[in-house]
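Notes to accompany the following structure.
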Amino acid sequence: MTYSDKVLDHFANPRNVGEIDGAEGVGVVGNAKCGDIMKMYLKIEDGVILDAKFKTFGCGAAVATSSIATEMVKGKTVDEALLLTNSAVAEALDGLPPVKMHCSNLAEEAIHAAIHNYRVGIGELDEPSAECPGCCNKCSDIYKVED
């Protein structure tokens, strides 16, 4: 399996590792098949993501996708960050091997879960229900950004 220089760099020198005390948005997602778990923390003020940090338990690609995803959303509005896709994460890393694309899915889902948590916290969305724990991103139609 071959990784790009960017993947190797973000794995060896991950950006934004850690927690944010008092984070406005926290999202946790995992992949039972491979065992990767990502936890994203967002510091949000006036609808803008001022800081993003992560803790990831997983392979090098999981760490790299978490790292680049935090870089990609910092300074963005919440609505702009919701446009982050797994393919954009993979592209920012100059690609991922097909067997590791699920890591970019997790990075997207972790950011979206943290934003969902933030929106629940400010009363914009209801708490997730037992039928919808709020982490699978299947309900992304509620996050559509108006032009």
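Ordering of the structure tokens sets the chain letters (A, B, ...); residue numbers start at 1 within each chain; ligands are numbered from 1 in the order shown.
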Practice prompt. Would you return as a ChimeraX atom specification the members of stretch 42-146 of chain A that DSSP assigns to alpha helix (DSSP H) on this structure's backbone?
Written response: /A:60-73,78-81,86-92,101-121
Practice prompt. For A:Ser66, work out the shell of residues within 7 Å, counting only C-alpha atoms and skipping chain neighbours fewer than 3 positions away, then give it as a ChimeraX atom specification.
Written response: /A:54,62-63,69-70,107
Worksheet item: Using only C-alpha atoms, which residues sit within 12 Å of A:Leu93 once same-chain residues fewer than 3 positions away are excluded, as a VMD selection string?
Response: chain A and resid 3 to 11 61 to 69 71 to 72 86 to 90 96 to 97 101 103 to 104
Practice prompt. Could you give me, as JSON, numbers by chain, each residue of chain A that DSSP assigns to strand (DSSP E or B) when run on this structure's backbone?
Written response: {"A": [17, 25, 26, 27, 28, 29, 30, 37, 38, 39, 40, 41, 42, 43, 44, 45, 48, 49, 50, 51, 52, 53, 54, 55, 56, 57, 77]}
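Using only C-alpha atoms, the shortest contact distance between A:Leu83 and any of A:Ile37, A:Val99, A:Ile20, A:Ile111 is found at A:Ile111.
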Worksheet item: What lies within 9 Å of A:Lys55 using only C-alpha atoms, ignoring chain neighbours under 5 positions off, as JSON, numbers by chain?
Response: {"A": [16, 17, 18, 19, 37, 38, 39, 40, 41, 63, 66]}
Convert the current residue selection to file output with N, CA, C and O atoms, as a compact mmCIF listing (two decimals), in the first residue's frame.
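As written to disk, out_10.txt reads:
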```
# COMPACT_ATOMS: atom_id res chain seq x y z
N ASN A 16 -3.14 19.72 15.31
CA ASN A 16 -4.35 19.90 16.12
C ASN A 16 -4.75 18.68 16.94
O ASN A 16 -5.93 18.43 17.14
N VAL A 17 -3.78 17.92 17.42
CA VAL A 17 -4.08 16.78 18.29
C VAL A 17 -4.43 17.31 19.67
O VAL A 17 -3.80 18.23 20.18
N GLY A 18 -5.46 16.73 20.27
CA GLY A 18 -5.80 17.08 21.63
C GLY A 18 -7.27 17.34 21.81
O GLY A 18 -8.09 16.97 20.97
N GLU A 19 -7.60 17.96 22.94
CA GLU A 19 -8.97 18.28 23.28
C GLU A 19 -9.11 19.79 23.41
O GLU A 19 -8.12 20.49 23.64
N ILE A 37 -11.56 5.01 15.70
CA ILE A 37 -12.47 5.89 16.43
C ILE A 37 -11.90 7.30 16.36
O ILE A 37 -10.71 7.51 16.61
N MET A 38 -12.76 8.25 16.00
CA MET A 38 -12.36 9.66 15.93
C MET A 38 -13.24 10.48 16.85
O MET A 38 -14.45 10.29 16.88
N LYS A 39 -12.59 11.40 17.56
CA LYS A 39 -13.32 12.36 18.38
C LYS A 39 -12.86 13.75 17.96
O LYS A 39 -11.66 14.04 18.02
N MET A 40 -13.80 14.57 17.52
CA MET A 40 -13.50 15.93 17.07
C MET A 40 -14.05 16.93 18.07
O MET A 40 -15.16 16.77 18.59
N TYR A 41 -13.29 17.98 18.30
CA TYR A 41 -13.67 19.07 19.18
C TYR A 41 -13.64 20.37 18.37
O TYR A 41 -12.65 20.63 17.67
N VAL A 63 -5.41 8.87 11.35
CA VAL A 63 -4.77 10.03 11.98
C VAL A 63 -4.59 11.14 10.95
O VAL A 63 -4.90 12.31 11.21
N SER A 66 -7.92 12.82 10.06
CA SER A 66 -8.37 13.66 11.18
C SER A 66 -7.59 14.98 11.18
O SER A 66 -8.17 16.06 11.34
```
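Residue nearest A:Gly47, chosen from A:Asp21, A:Glu108, A:Glu80, A:Asp94 and counting only C-alpha atoms: A:Glu80.
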Worksheet item: Which is closer to A:Asp36 than all the others in A:Arg119, A:His112, A:Lys76, A:His102, using only C-alpha atoms?
Response: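 Among the listed residues, the smallest separation from A:Asp36 belongs to A:His102.
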